[in-house]
Every structure is written in structure tokens, then in C-alpha cells.
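Visitor: Before I ask anything, let me first share the structure, which is written out below as C-alpha cells.
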Amino acid sequence: MREILRRLITGAVFVVLLLSTIFLSSDAFDFLFMTFGLICLYEYKRLVSLKGYHIFIAYLGLWWAYIYIIKDHVPILILLLITITVNFALLVYLFSKKERQFNTLQKFIIGLFYIGGGCIFLTMIPYKNNDFAQLLIMGIFILIWVNDSFAYLVGMSIGRTKLYPSVSPKKTIEGSLGGLVFAIIAAFIMAKYDTTLTLLQWITLAIVIVVMGSLGDLVESKFKRVAGVKDSGAILPGHGGMLDRLDSLVFAAPFAYLTLNIFVNVS
């Protein structure tokens, strides 16, 4: 009971902090996720035993350039291509039956684009025509939270078939499908309040975020399994580390950004 209460309090504080920055200002939101990115990178470094501070400097330089300086589509597309390529490489790593040891350069590149690139694109998502789309980014967080919450509840209630037991023993196929169904329901509701996207676009975005977010959660679980730890850190009481909390968002962000830009160019 005490553990559940601690999880609820930590989760509530996290949500309030996040939503406060969204409605306070775009700069507050930017700074928050720059900071979250640094914490996630610190936890990632510990998981994979990457030494040195070069990755922090590279991330801050990349983040500053893409959030405040670079506005041209070509460099953004290059970063998107690299980030998605790294994520697909991680999916190959996830489903590979062979144990893979990354060298120092590979660990650096993976961390910089898997986490750094993910945080950058998550920060870039709400900016549309120089406006800060508060409801859009809030909707994306809601989709992730709804999926995570109902995947857990459905899995605990009726989950029988393990999803990927060698990496994440507690996750079930029933739970994953339950999370997806409720995320689609949440997309229906979001479409009524944020009409910048159509109902079909909200549903499509929900599916992309849930599927890629679930894969991102498994990727981080594999990093933890290889490292022999339960959590990436202990900064969030009852929830583990920051990367434990943001693994789905960070991995799904570049795919969500790509999906939103496809909507703009196709419609």
C-alpha cells in the first residue's frame, strides 16, 4: 500500500510539473526537456558503462542548434533520418538472439541519437508555424499515459500471454492490446478538443505512439537486463529512473514528429 501511494504521489508531481511548463511558456517546456534529456543520458551512461562527459557536451550542442538556430528542413530531415536509423538498429538489437557488445563509439552514437535525438524531436513537436501547440503536445503525453496505465491494469486483470518474457517478463499481449484500445479511445476524445488534427489523424498518431512507445520500453528493458539492474536510476520514488519514465516517449518522438509532418504535407 505504501509503495502504491508513493508511486501515485511521484506520478502526480511529475504530471503537474510537466503540464505546468506546457501552459507556462514554450521556453519552460524546452528547458524542462533539455534537463530531462541530461538525466536520461546520465542513466544511460551508467547502464552501458560509457565513461566521460563528451556525450553531454554533444547533446547540449545538438539540442541548442536544433531548438534555437537551425530552422531549415534539410538539416532537420538529416537528424530525423539518423535518429530513426539508430532506433531501427536498436530494434534489431532488441530482437536479436545473439548477445551484442557495443564499443565506446557505438554507445556514444546510440545515446546521442536514441535519447538526445528523441528529446530534441519531442521538444520540436509542439512548434507549428511559430506557434506553440499546447494541446497537441499535451495530447501526446495523454496518449502515452493512457497506454501505460491501461496496459498495466488490463495486463494485471486478464493478462495471460507473455509479450517478450526474455526481456520483460511482466508484460503481456493482452495488456498491450488493452493499452492500445484505450489510447485510441483517448484519441477520440482529444479530437474533440484539438481540431488541428482530424479524428483519423489523431487515431493514426495514437497507433504510432503506442506501437513505437511499447517497443521503446522493451529496448530500455533489454539495456537493463544486460546491465543486470531493475531500474535505470532512483530519481523518481516508486518509478525508478527518469529513463524508466520517459523511455516510451523518447523512442516514439521521432516517429510522431515524422507522422505529423506527413499529415501536413499530404493534407
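Going through the C-alpha cells in order, the chains are called A, B, and so on, while each chain numbers its residues from 1 and the ligands are numbered from 1 in the order shown.
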Residues of region 30-201 of chain A classed as alpha helix (DSSP H) by DSSP on the backbone are to be reported as an MDAnalysis selection string.

Guide: chainID A and resid 30:48 54:64 73:95 104:110 118:124 134:158 173:193 199:201

Visitor: Hey, which bits of region 23-54 of chain A sit within 9 Å of region 99-119 of chain A, and for each residue what's the closest pair of atoms and how far apart in Å (one decimal), counting only C-alpha atoms, rows by chain and increasing number, as a Markdown table?

Guide:
```
| residue | atom | partner | partner_atom | distance |
| --- | --- | --- | --- | --- |
| A:Phe33 | CA | A:Cys119 | CA | 6.5 |
| A:Met34 | CA | A:Cys119 | CA | 7.2 |
| A:Phe36 | CA | A:Cys119 | CA | 8.1 |
| A:Gly37 | CA | A:Cys119 | CA | 6.0 |
| A:Leu38 | CA | A:Gly116 | CA | 8.3 |
| A:Cys40 | CA | A:Ile115 | CA | 7.1 |
| A:Leu41 | CA | A:Gly111 | CA | 6.7 |
| A:Tyr44 | CA | A:Gly111 | CA | 7.0 |
| A:Lys45 | CA | A:Gly111 | CA | 7.9 |
| A:Val48 | CA | A:Lys107 | CA | 7.2 |
| A:Ser49 | CA | A:Lys107 | CA | 8.8 |
| A:Leu50 | CA | A:Thr104 | CA | 6.7 |
| A:Lys51 | CA | A:Thr104 | CA | 8.4 |
| A:His54 | CA | A:Phe108 | CA | 8.5 |
```

Visitor: Write the residues you've just listed into a file as a PDB file, in the first residue's frame, and include N, CA and C atoms for each of them.

Guide:
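The new file selection_28.pdb reads:
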```pdb
ATOM      1  N   PHE A  33      12.708  19.720 -20.880  1.00  0.00           N
ATOM      2  CA  PHE A  33      13.102  18.518 -21.591  1.00  0.00           C
ATOM      3  C   PHE A  33      14.572  18.485 -21.939  1.00  0.00           C
ATOM      4  N   MET A  34      15.210  19.638 -21.975  1.00  0.00           N
ATOM      5  CA  MET A  34      16.663  19.635 -22.069  1.00  0.00           C
ATOM      6  C   MET A  34      17.243  18.992 -20.806  1.00  0.00           C
ATOM      7  N   PHE A  36      15.595  16.950 -18.656  1.00  0.00           N
ATOM      8  CA  PHE A  36      15.220  15.533 -18.647  1.00  0.00           C
ATOM      9  C   PHE A  36      16.177  14.713 -19.524  1.00  0.00           C
ATOM     10  N   GLY A  37      16.544  15.294 -20.662  1.00  0.00           N
ATOM     11  CA  GLY A  37      17.464  14.612 -21.566  1.00  0.00           C
ATOM     12  C   GLY A  37      18.815  14.361 -20.913  1.00  0.00           C
ATOM     13  N   LEU A  38      19.313  15.344 -20.177  1.00  0.00           N
ATOM     14  CA  LEU A  38      20.592  15.183 -19.481  1.00  0.00           C
ATOM     15  C   LEU A  38      20.514  14.073 -18.435  1.00  0.00           C
ATOM     16  N   CYS A  40      18.396  11.521 -18.421  1.00  0.00           N
ATOM     17  CA  CYS A  40      18.281  10.242 -19.134  1.00  0.00           C
ATOM     18  C   CYS A  40      19.629   9.784 -19.673  1.00  0.00           C
ATOM     19  N   LEU A  41      20.419  10.712 -20.178  1.00  0.00           N
ATOM     20  CA  LEU A  41      21.747  10.369 -20.685  1.00  0.00           C
ATOM     21  C   LEU A  41      22.659   9.889 -19.562  1.00  0.00           C
ATOM     22  N   TYR A  44      21.591   6.420 -18.857  1.00  0.00           N
ATOM     23  CA  TYR A  44      22.023   5.560 -19.964  1.00  0.00           C
ATOM     24  C   TYR A  44      23.512   5.255 -19.860  1.00  0.00           C
ATOM     25  N   LYS A  45      24.328   6.273 -19.539  1.00  0.00           N
ATOM     26  CA  LYS A  45      25.774   6.084 -19.396  1.00  0.00           C
ATOM     27  C   LYS A  45      26.090   5.023 -18.346  1.00  0.00           C
ATOM     28  N   VAL A  48      25.165   1.379 -19.695  1.00  0.00           N
ATOM     29  CA  VAL A  48      26.051   0.784 -20.707  1.00  0.00           C
ATOM     30  C   VAL A  48      27.526   0.975 -20.374  1.00  0.00           C
ATOM     31  N   SER A  49      27.807   1.570 -19.207  1.00  0.00           N
ATOM     32  CA  SER A  49      29.194   1.806 -18.764  1.00  0.00           C
ATOM     33  C   SER A  49      29.971   2.668 -19.760  1.00  0.00           C
ATOM     34  N   LEU A  50      29.361   3.782 -20.159  1.00  0.00           N
ATOM     35  CA  LEU A  50      30.022   4.739 -21.045  1.00  0.00           C
ATOM     36  C   LEU A  50      30.684   5.814 -20.185  1.00  0.00           C
ATOM     37  N   LYS A  51      31.983   5.936 -20.308  1.00  0.00           N
ATOM     38  CA  LYS A  51      32.722   6.882 -19.470  1.00  0.00           C
ATOM     39  C   LYS A  51      32.871   8.232 -20.153  1.00  0.00           C
ATOM     40  N   HIS A  54      31.693  13.588 -22.722  1.00  0.00           N
ATOM     41  CA  HIS A  54      31.586  14.107 -24.086  1.00  0.00           C
ATOM     42  C   HIS A  54      30.158  14.056 -24.611  1.00  0.00           C
TER      43      HIS A  54
END
```

Visitor: Quick one: pull the distance between CA of Ala227 (chain A) and CA of Ser176 (chain A), Å, one decimal.

Guide: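 Value for the CA of Ala227 (chain A)-CA of Ser176 (chain A) distance: 24.9 Å.
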
Visitor: Enter the distance from CA of Ser168 (chain A) to CA of Val208 (chain A), in Å, rounded to one decimal.

Guide: 20.9 Å

Visitor: Would you please work out which residue, of A:Leu94, A:Ile82, A:Val226, A:Ile70, is nearest to Arg46 (chain A) when using only C-alpha atoms?

Guide: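 Closest residue, counting only C-alpha atoms: A:Val226.
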
Visitor: For Phe188 (chain A), please output as a ChimeraX atom specification all residues within 12 Å (counting only C-alpha atoms; exclusion window: fewer than 2 positions along the same chain).

Guide: /A:139,143,181-186,190-195,197-206

Visitor: Would you write out those residues with N, CA and C atoms, as an mmCIF file, in the first residue's frame?

Guide:
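Result written to part_34.cif:
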```
data_model
loop_
_atom_site.group_PDB
_atom_site.id
_atom_site.type_symbol
_atom_site.label_atom_id
_atom_site.label_comp_id
_atom_site.auth_asym_id
_atom_site.auth_seq_id
_atom_site.Cartn_x
_atom_site.Cartn_y
_atom_site.Cartn_z
ATOM 1 N N GLY A 139 -1.743 16.281 -25.652
ATOM 2 C CA GLY A 139 -2.430 15.103 -26.157
ATOM 3 C C GLY A 139 -1.495 13.921 -26.336
ATOM 4 N N LEU A 143 -1.797 10.303 -24.470
ATOM 5 C CA LEU A 143 -1.834 9.018 -25.184
ATOM 6 C C LEU A 143 -0.846 8.024 -24.572
ATOM 7 N N VAL A 181 -6.134 -0.067 -27.209
ATOM 8 C CA VAL A 181 -7.574 0.220 -27.341
ATOM 9 C C VAL A 181 -7.946 1.489 -26.573
ATOM 10 N N PHE A 182 -7.478 1.607 -25.341
ATOM 11 C CA PHE A 182 -7.822 2.783 -24.540
ATOM 12 C C PHE A 182 -7.120 4.039 -25.052
ATOM 13 N N ALA A 183 -5.946 3.895 -25.646
ATOM 14 C CA ALA A 183 -5.269 5.053 -26.254
ATOM 15 C C ALA A 183 -6.068 5.555 -27.459
ATOM 16 N N ILE A 184 -6.641 4.641 -28.222
ATOM 17 C CA ILE A 184 -7.482 5.041 -29.366
ATOM 18 C C ILE A 184 -8.745 5.753 -28.867
ATOM 19 N N ILE A 185 -9.300 5.263 -27.762
ATOM 20 C CA ILE A 185 -10.455 5.952 -27.160
ATOM 21 C C ILE A 185 -10.064 7.360 -26.731
ATOM 22 N N ALA A 186 -8.873 7.488 -26.136
ATOM 23 C CA ALA A 186 -8.371 8.814 -25.744
ATOM 24 C C ALA A 186 -8.186 9.706 -26.959
ATOM 25 N N MET A 190 -9.533 13.427 -27.610
ATOM 26 C CA MET A 190 -8.632 14.536 -27.956
ATOM 27 C C MET A 190 -9.071 15.233 -29.231
ATOM 28 N N ALA A 191 -9.612 14.467 -30.188
ATOM 29 C CA ALA A 191 -10.042 15.045 -31.467
ATOM 30 C C ALA A 191 -11.159 16.065 -31.278
ATOM 31 N N LYS A 192 -11.908 15.944 -30.188
ATOM 32 C CA LYS A 192 -12.995 16.884 -29.918
ATOM 33 C C LYS A 192 -12.473 18.217 -29.378
ATOM 34 N N TYR A 193 -11.313 18.163 -28.716
ATOM 35 C CA TYR A 193 -10.772 19.363 -28.084
ATOM 36 C C TYR A 193 -9.679 20.036 -28.911
ATOM 37 N N ASP A 194 -8.951 19.265 -29.673
ATOM 38 C CA ASP A 194 -7.898 19.827 -30.530
ATOM 39 C C ASP A 194 -8.218 19.478 -31.979
ATOM 40 N N THR A 195 -8.773 20.433 -32.680
ATOM 41 C CA THR A 195 -9.222 20.197 -34.056
ATOM 42 C C THR A 195 -8.132 20.501 -35.083
ATOM 43 N N LEU A 197 -5.885 18.505 -35.697
ATOM 44 C CA LEU A 197 -5.786 17.205 -36.354
ATOM 45 C C LEU A 197 -7.180 16.625 -36.497
ATOM 46 N N THR A 198 -7.406 15.912 -37.569
ATOM 47 C CA THR A 198 -8.692 15.244 -37.753
ATOM 48 C C THR A 198 -8.771 14.016 -36.843
ATOM 49 N N LEU A 199 -9.961 13.450 -36.751
ATOM 50 C CA LEU A 199 -10.133 12.248 -35.934
ATOM 51 C C LEU A 199 -9.240 11.113 -36.436
ATOM 52 N N LEU A 200 -9.201 10.915 -37.757
ATOM 53 C CA LEU A 200 -8.366 9.860 -38.328
ATOM 54 C C LEU A 200 -6.889 10.100 -38.032
ATOM 55 N N GLN A 201 -6.467 11.371 -38.083
ATOM 56 C CA GLN A 201 -5.072 11.697 -37.792
ATOM 57 C C GLN A 201 -4.737 11.441 -36.324
ATOM 58 N N TRP A 202 -5.645 11.767 -35.415
ATOM 59 C CA TRP A 202 -5.417 11.505 -34.001
ATOM 60 C C TRP A 202 -5.308 10.007 -33.743
ATOM 61 N N ILE A 203 -6.157 9.224 -34.383
ATOM 62 C CA ILE A 203 -6.116 7.774 -34.203
ATOM 63 C C ILE A 203 -4.812 7.212 -34.762
ATOM 64 N N THR A 204 -4.421 7.686 -35.953
ATOM 65 C CA THR A 204 -3.159 7.241 -36.556
ATOM 66 C C THR A 204 -1.986 7.583 -35.658
ATOM 67 N N LEU A 205 -1.988 8.814 -35.135
ATOM 68 C CA LEU A 205 -0.912 9.249 -34.231
ATOM 69 C C LEU A 205 -0.888 8.381 -32.981
ATOM 70 N N ALA A 206 -2.058 8.045 -32.448
ATOM 71 C CA ALA A 206 -2.134 7.199 -31.261
ATOM 72 C C ALA A 206 -1.511 5.830 -31.523
#
```

Visitor: Find the residue from A:Leu243, A:Phe121, A:Ser214, A:Lys171 that sits nearest to Leu77 (chain A); use only C-alpha atoms when measuring.

Guide: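 The closest residue to Leu77 (chain A) is A:Phe121.
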
Visitor: From the set A:Ile22, A:Val229, A:Val266, A:Leu215, which residue has the shortest atom-to-atom contact distance to Asn87 (chain A), counting only C-alpha atoms?

Guide: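 Among A:Ile22, A:Val229, A:Val266, A:Leu215, it is A:Leu215 that comes nearest to Asn87 (chain A).
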
Visitor: When you look at region 172-174 of chain A with a cut-off of 9 Å (counting only C-alpha atoms), what residues show up, excluding the ones that are within fewer than 6 positions of it in the same chain? I need them as an MDAnalysis selection string.

Guide: chainID A and resid 151:152 154:156 158:165

Visitor: Quick one, how far is CA of Leu18 (chain A) from CA of Thr35 (chain A)?

Guide: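 Those two atoms sit 12.2 Å apart.
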
Visitor: Within 10 Å of Thr123 (chain A), counting only C-alpha atoms, which residues qualify if same-chain residues fewer than 2 places away don't, as a ChimeraX atom specification?

Guide: /A:26,29-34,63,66-67,117-121,125-127,137,253,257

Visitor: Just the strand (DSSP E) stuff from region 129-236 of chain A, please, per backbone DSSP, written as an MDAnalysis selection string.

Guide: chainID A and resid 131:132 162:164 168:172

Visitor: Here is a test: counting only C-alpha atoms, which residue of A:Phe88, A:Val167, A:Arg6, A:Ile69 is nearest to Gly228 (chain A)?

Guide: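 Counting only C-alpha atoms, the residue closest to Gly228 (chain A) is A:Val167.
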